[in-house]
Amino acid sequence: MQIKDEEVLHIAKLARLNLKENEIQNYKKNLEEILEFADTINKVETDNIDETIGINEKYNVFRKDEIINESDKEELLANAPSQDEGMFRIPKVIN
């Protein structure tokens, strides 16, 4: 697919790129190659192919979310390097 220099400059403007005159042809060539590849992909026959979302049949292999109260507040605060009024005390991170 042929692209005009004006189209390259328009795309560059949208992307806020300041292309020099000698860079236009390089970008033009790259865009043409990308569009040719996209055209090749669009021509692939996919009517009789099932959809896939992964390489195997497994899905959601993560553990089930369950609320477990294993520790009480005092046990958790015992691990805190610093605490104040029953809460973790951390250094100030915003000025």
# chains A, B, ... in the order shown; residues from 1 in each chain; ligands from 1
>>> select_by_dssp(residues="range 11-78 of chain A", states="helix (DSSP H, G or I)", output="number ranges by chain")
A: 11-14, 21-42, 73-77
>>> atom_distance(atom1="CA of Ile90 in chain A", atom2="CA of Glu75 in chain A")
17.8 Å
>>> select_by_dssp(residues="chain A", states="strand (DSSP E)", output="list of chain:residue names")
A:Gln83, A:Asp84, A:Met87, A:Phe88
>>> write_last_selection(atoms="N, CA, C and O atoms", output="PDB file, in the first residue's frame")
ATOM      1  N   GLN A  83       4.353   1.632  65.061  1.00  0.00           N
ATOM      2  CA  GLN A  83       2.899   1.669  65.076  1.00  0.00           C
ATOM      3  C   GLN A  83       2.420   2.851  65.903  1.00  0.00           C
ATOM      4  O   GLN A  83       3.139   3.382  66.738  1.00  0.00           O
ATOM      5  N   ASP A  84       1.192   3.252  65.639  1.00  0.00           N
ATOM      6  CA  ASP A  84       0.617   4.381  66.351  1.00  0.00           C
ATOM      7  C   ASP A  84      -0.899   4.191  66.417  1.00  0.00           C
ATOM      8  O   ASP A  84      -1.546   3.992  65.380  1.00  0.00           O
ATOM      9  N   MET A  87      -2.293   1.203  64.485  1.00  0.00           N
ATOM     10  CA  MET A  87      -2.121   1.182  63.034  1.00  0.00           C
ATOM     11  C   MET A  87      -0.640   1.178  62.689  1.00  0.00           C
ATOM     12  O   MET A  87       0.192   1.615  63.489  1.00  0.00           O
ATOM     13  N   PHE A  88      -0.311   0.675  61.505  1.00  0.00           N
ATOM     14  CA  PHE A  88       1.048   0.746  61.020  1.00  0.00           C
ATOM     15  C   PHE A  88       1.437   2.212  60.828  1.00  0.00           C
ATOM     16  O   PHE A  88       0.670   2.992  60.284  1.00  0.00           O
TER      17      PHE A  88
END
>>> residues_around(residues="range 21-30 of chain A", least_positions_apart="3", cutoff="12 Å", atoms="only C-alpha atoms", output="ChimeraX atom specification")
/A:1-12,17-18,33-37
